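*Asks:* So here's entry06.pdb, just PDB, C-alpha atoms:
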```
ATOM      1  CA  MET A  25      -2.811  17.396   8.500  1.00  0.00           C
ATOM      2  CA  ALA A  26      -4.885  17.528  11.659  1.00  0.00           C
ATOM      3  CA  GLN A  27      -4.719  14.486  13.901  1.00  0.00           C
ATOM      4  CA  GLY A  28      -7.644  12.128  13.426  1.00  0.00           C
ATOM      5  CA  ARG A  29      -8.321  13.366   9.891  1.00  0.00           C
ATOM      6  CA  TYR A  30      -8.218  10.927   7.002  1.00  0.00           C
ATOM      7  CA  LEU A  31      -7.764  11.665   3.324  1.00  0.00           C
ATOM      8  CA  THR A  32      -9.957   9.972   0.753  1.00  0.00           C
ATOM      9  CA  VAL A  33      -8.055   7.421  -1.317  1.00  0.00           C
ATOM     10  CA  ILE A  34      -9.144   7.065  -4.935  1.00  0.00           C
ATOM     11  CA  GLU A  35      -8.027   4.158  -7.127  1.00  0.00           C
ATOM     12  CA  ALA A  36      -7.595   4.275 -10.865  1.00  0.00           C
ATOM     13  CA  ASP A  37      -9.875   1.744 -12.563  1.00  0.00           C
ATOM     14  CA  SER A  38      -6.847  -0.270 -13.671  1.00  0.00           C
ATOM     15  CA  VAL A  39      -5.668  -0.525 -10.054  1.00  0.00           C
ATOM     16  CA  THR A  40      -9.080  -1.689  -8.842  1.00  0.00           C
ATOM     17  CA  GLN A  41      -9.158  -4.343 -11.562  1.00  0.00           C
ATOM     18  CA  GLN A  42      -5.616  -5.526 -10.869  1.00  0.00           C
ATOM     19  CA  ILE A  43      -6.320  -5.909  -7.138  1.00  0.00           C
ATOM     20  CA  ALA A  44      -9.609  -7.713  -7.842  1.00  0.00           C
ATOM     21  CA  ASP A  45      -7.894 -10.106 -10.253  1.00  0.00           C
ATOM     22  CA  ALA A  46      -5.103 -10.824  -7.768  1.00  0.00           C
ATOM     23  CA  GLY A  47      -7.715 -11.254  -5.031  1.00  0.00           C
ATOM     24  CA  LEU A  48      -9.279 -14.155  -6.937  1.00  0.00           C
ATOM     25  CA  GLU A  49      -5.965 -15.974  -6.634  1.00  0.00           C
ATOM     26  CA  ASP A  50      -5.198 -14.886  -3.068  1.00  0.00           C
ATOM     27  CA  GLY A  51      -7.853 -13.097  -0.981  1.00  0.00           C
ATOM     28  CA  ARG A  52      -5.198 -11.620   1.284  1.00  0.00           C
ATOM     29  CA  VAL A  53      -4.078  -9.285  -1.504  1.00  0.00           C
ATOM     30  CA  GLU A  54      -7.229  -7.226  -0.997  1.00  0.00           C
ATOM     31  CA  GLU A  55      -6.621  -7.100   2.764  1.00  0.00           C
ATOM     32  CA  VAL A  56      -3.010  -6.024   2.266  1.00  0.00           C
ATOM     33  CA  PHE A  57      -4.101  -3.352  -0.209  1.00  0.00           C
ATOM     34  CA  ASP A  58      -6.781  -2.094   2.212  1.00  0.00           C
ATOM     35  CA  ALA A  59      -4.104  -1.759   4.907  1.00  0.00           C
ATOM     36  CA  LEU A  60      -1.891   0.157   2.468  1.00  0.00           C
ATOM     37  CA  LYS A  61      -4.759   2.529   1.623  1.00  0.00           C
ATOM     38  CA  PHE A  62      -5.477   3.125   5.305  1.00  0.00           C
ATOM     39  CA  ARG A  63      -1.827   3.874   5.974  1.00  0.00           C
ATOM     40  CA  ILE A  64      -1.532   6.508   3.260  1.00  0.00           C
ATOM     41  CA  SER A  65      -4.912   8.023   4.190  1.00  0.00           C
ATOM     42  CA  VAL A  66      -3.678   8.801   7.715  1.00  0.00           C
ATOM     43  CA  GLN A  67      -0.045   9.478   6.827  1.00  0.00           C
ATOM     44  CA  PRO A  68       0.062  10.677   3.204  1.00  0.00           C
ATOM     45  CA  ASP A  69       3.783  11.424   3.297  1.00  0.00           C
ATOM     46  CA  CYS A  70       4.775   7.881   4.370  1.00  0.00           C
ATOM     47  CA  GLY A  71       5.829   6.833   0.873  1.00  0.00           C
ATOM     48  CA  ASP A  72       9.159   7.625  -0.734  1.00  0.00           C
ATOM     49  CA  LEU A  73       9.002  10.842  -2.737  1.00  0.00           C
ATOM     50  CA  VAL A  74       9.892  10.428  -6.414  1.00  0.00           C
ATOM     51  CA  GLN A  75      10.224  13.222  -8.965  1.00  0.00           C
ATOM     52  CA  HIS A  76      10.358  12.177 -12.590  1.00  0.00           C
ATOM     53  CA  GLU A  77       9.903  14.259 -15.744  1.00  0.00           C
ATOM     54  CA  GLY A  78       8.197  17.059 -13.852  1.00  0.00           C
ATOM     55  CA  LEU A  79       5.843  14.756 -11.975  1.00  0.00           C
ATOM     56  CA  GLU A  80       5.921  14.222  -8.239  1.00  0.00           C
ATOM     57  CA  TYR A  81       4.500  11.118  -6.636  1.00  0.00           C
ATOM     58  CA  ARG A  82       5.177   8.700  -3.798  1.00  0.00           C
ATOM     59  CA  LEU A  83       5.886   4.974  -3.693  1.00  0.00           C
ATOM     60  CA  VAL A  84       4.898   2.776  -0.786  1.00  0.00           C
ATOM     61  CA  VAL A  85       5.411  -0.958  -0.353  1.00  0.00           C
ATOM     62  CA  THR A  86       3.865  -3.425   2.061  1.00  0.00           C
ATOM     63  CA  ALA A  87       6.011  -5.754   4.122  1.00  0.00           C
ATOM     64  CA  PRO A  88       5.505  -9.512   3.995  1.00  0.00           C
ATOM     65  CA  LEU A  89       4.792 -11.191   7.308  1.00  0.00           C
ATOM     66  CA  LYS A  90       6.219 -14.637   8.028  1.00  0.00           C
ATOM     67  CA  LEU A  91       3.042 -15.995   9.590  1.00  0.00           C
ATOM     68  CA  ALA A  92       0.715 -14.592   6.896  1.00  0.00           C
ATOM     69  CA  LYS A  93       2.989 -15.257   3.912  1.00  0.00           C
ATOM     70  CA  ASN A  94       1.282 -12.321   2.213  1.00  0.00           C
ATOM     71  CA  LYS A  95       2.156 -10.997  -1.197  1.00  0.00           C
ATOM     72  CA  ILE A  96       3.946  -7.671  -1.475  1.00  0.00           C
ATOM     73  CA  VAL A  97       2.103  -4.675  -2.929  1.00  0.00           C
ATOM     74  CA  LEU A  98       3.982  -1.691  -4.347  1.00  0.00           C
ATOM     75  CA  ALA A  99       1.779   1.329  -5.052  1.00  0.00           C
ATOM     76  CA  ARG A 100       2.338   4.716  -6.648  1.00  0.00           C
ATOM     77  CA  TYR A 101       0.163   7.566  -5.416  1.00  0.00           C
ATOM     78  CA  ARG A 102      -0.043  11.327  -5.548  1.00  0.00           C
ATOM     79  CA  THR A 103      -2.117  14.155  -4.194  1.00  0.00           C
ATOM     80  CA  TYR A 104      -5.370  14.406  -6.098  1.00  0.00           C
ATOM     81  CA  VAL A 105      -6.999  17.308  -4.239  1.00  0.00           C
ATOM     82  CA  GLU A 106      -4.681  19.046  -1.769  1.00  0.00           C
ATOM     83  CA  GLY A 107      -5.690  18.232   1.803  1.00  0.00           C
ATOM     84  CA  GLU A 108      -8.620  16.110   0.622  1.00  0.00           C
ATOM     85  CA  SER A 109      -7.673  13.092  -1.458  1.00  0.00           C
ATOM     86  CA  LEU A 110      -4.942  10.892  -2.898  1.00  0.00           C
ATOM     87  CA  LEU A 111      -4.917   8.944  -6.158  1.00  0.00           C
ATOM     88  CA  ILE A 112      -3.347   5.489  -6.479  1.00  0.00           C
ATOM     89  CA  ASP A 113      -2.676   5.229 -10.199  1.00  0.00           C
ATOM     90  CA  TRP A 114      -0.375   2.182 -10.383  1.00  0.00           C
ATOM     91  CA  VAL A 115       0.305  -1.010  -8.431  1.00  0.00           C
ATOM     92  CA  LYS A 116       2.603  -3.986  -8.785  1.00  0.00           C
ATOM     93  CA  ILE A 117       2.022  -7.213  -6.885  1.00  0.00           C
ATOM     94  CA  TYR A 118       4.976  -9.424  -6.002  1.00  0.00           C
ATOM     95  CA  PRO A 119       4.918 -12.965  -4.601  1.00  0.00           C
ATOM     96  CA  TYR A 120       5.699 -13.637  -0.961  1.00  0.00           C
ATOM     97  CA  ASP A 121       9.445 -13.575  -0.333  1.00  0.00           C
ATOM     98  CA  GLU A 122      10.729 -15.348   2.770  1.00  0.00           C
ATOM     99  CA  ALA A 123      14.004 -13.374   2.592  1.00  0.00           C
ATOM    100  CA  LEU A 124      12.090 -10.079   2.995  1.00  0.00           C
ATOM    101  CA  ALA A 125       9.535 -11.341   5.515  1.00  0.00           C
ATOM    102  CA  TYR A 126       9.589 -10.499   9.191  1.00  0.00           C
ATOM    103  CA  THR A 127       7.737 -11.286  12.382  1.00  0.00           C
ATOM    104  CA  PRO A 128       6.449  -8.250  14.289  1.00  0.00           C
ATOM    105  CA  PRO A 129       7.723  -8.323  17.894  1.00  0.00           C
ATOM    106  CA  ALA A 130       4.166  -8.584  19.242  1.00  0.00           C
ATOM    107  CA  PHE A 131       3.788 -11.928  17.448  1.00  0.00           C
ATOM    108  CA  ASP A 132       7.199 -13.388  18.194  1.00  0.00           C
ATOM    109  CA  LEU A 133       6.579 -16.212  20.639  1.00  0.00           C
ATOM    110  CA  ASP A 134      10.308 -16.778  21.136  1.00  0.00           C
ATOM    111  CA  ALA A 135      10.980 -13.222  22.339  1.00  0.00           C
TER     112      ALA A 135
END
```
Give the structure from the file, written as structure tokens.

*Replies:*
Amino acid sequence: MAQGRYLTVIEADSVTQQIADAGLEDGRVEEVFDALKFRISVQPDCGDLVQHEGLEYRLVVTAPLKLAKNKIVLARYRTYVEGESLLIDWVKIYPYDEALAYTPPAFDLDA
């Protein structure tokens, strides 16, 4: 993919609804999901490749940040139109987990 080019990210209706429902409980879920969509739009091969029963898709997960205490979003996506778009057809939202959380070095005041 050419540098500076972004793929269109399409969400299945069920994904849109699930994110909206979770967003009512915690508005940061939508922000985390938007960041995930941006990431795969610029780097579509960032997720882990999974092949199952003749299907090929990728899984990507967001990282929880200690200061934000954000929920974790796991998404499954695949190429929808080669070189043009990706389809997110499944998501799972997990609660914040302190054991998995980290502080990016740019935000670590003790460094």

*Asks:* In Å, how far is it from atom CA of A:Val74 to atom CA of A:Ala87?

*Replies:* 19.7 Å

*Asks:* If we count all atoms listed in the file and set the cut-off at 12 Å, which residues sit around A:Ala123, ignoring sequence neighbours fewer than 5 positions away in its own chain? Please answer as a list in words.

*Replies:* Ala87, Pro88, Leu89, Lys90 and Lys93 of chain A

*Asks:* Have a look at atom CA of A:Ile34 and atom CA of A:Glu106 and let me know their distance in Å, one decimal.

*Replies:*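 Calculated distance between atom CA of A:Ile34 and atom CA of A:Glu106 is 13.2 Å.
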
*Asks:* Counting only C-alpha atoms, which residues come within 12 Å of (2.8, -8.9, 4.4), with the point read in the file's coordinates, and could you list them as an mmCIF file with C-alpha atoms, keeping the file's coordinate frame?

*Replies:*
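Output below, filename part.cif:
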```cif
data_model
loop_
_atom_site.group_PDB
_atom_site.id
_atom_site.type_symbol
_atom_site.label_atom_id
_atom_site.label_comp_id
_atom_site.auth_asym_id
_atom_site.auth_seq_id
_atom_site.Cartn_x
_atom_site.Cartn_y
_atom_site.Cartn_z
ATOM 1 C CA ARG A 52 -5.198 -11.620 1.284
ATOM 2 C CA VAL A 53 -4.078 -9.285 -1.504
ATOM 3 C CA GLU A 54 -7.229 -7.226 -0.997
ATOM 4 C CA GLU A 55 -6.621 -7.100 2.764
ATOM 5 C CA VAL A 56 -3.010 -6.024 2.266
ATOM 6 C CA PHE A 57 -4.101 -3.352 -0.209
ATOM 7 C CA ASP A 58 -6.781 -2.094 2.212
ATOM 8 C CA ALA A 59 -4.104 -1.759 4.907
ATOM 9 C CA LEU A 60 -1.891 0.157 2.468
ATOM 10 C CA VAL A 85 5.411 -0.958 -0.353
ATOM 11 C CA THR A 86 3.865 -3.425 2.061
ATOM 12 C CA ALA A 87 6.011 -5.754 4.122
ATOM 13 C CA PRO A 88 5.505 -9.512 3.995
ATOM 14 C CA LEU A 89 4.792 -11.191 7.308
ATOM 15 C CA LYS A 90 6.219 -14.637 8.028
ATOM 16 C CA LEU A 91 3.042 -15.995 9.590
ATOM 17 C CA ALA A 92 0.715 -14.592 6.896
ATOM 18 C CA LYS A 93 2.989 -15.257 3.912
ATOM 19 C CA ASN A 94 1.282 -12.321 2.213
ATOM 20 C CA LYS A 95 2.156 -10.997 -1.197
ATOM 21 C CA ILE A 96 3.946 -7.671 -1.475
ATOM 22 C CA VAL A 97 2.103 -4.675 -2.929
ATOM 23 C CA LEU A 98 3.982 -1.691 -4.347
ATOM 24 C CA ILE A 117 2.022 -7.213 -6.885
ATOM 25 C CA TYR A 118 4.976 -9.424 -6.002
ATOM 26 C CA PRO A 119 4.918 -12.965 -4.601
ATOM 27 C CA TYR A 120 5.699 -13.637 -0.961
ATOM 28 C CA ASP A 121 9.445 -13.575 -0.333
ATOM 29 C CA GLU A 122 10.729 -15.348 2.770
ATOM 30 C CA LEU A 124 12.090 -10.079 2.995
ATOM 31 C CA ALA A 125 9.535 -11.341 5.515
ATOM 32 C CA TYR A 126 9.589 -10.499 9.191
ATOM 33 C CA THR A 127 7.737 -11.286 12.382
ATOM 34 C CA PRO A 128 6.449 -8.250 14.289
#
```

*Asks:* Fewer than 3 positions away in the same chain doesn't count, so skip those; otherwise give me all residues within 12 Å of A:Glu80, counting only C-alpha atoms, as a VMD selection string.

*Replies:* chain A and resid 71 to 77 83 100 to 104

*Asks:* In Å, how far is it from atom CA of A:Lys116 to atom CA of A:Arg82?

*Replies:*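 So the answer is 13.9 Å.
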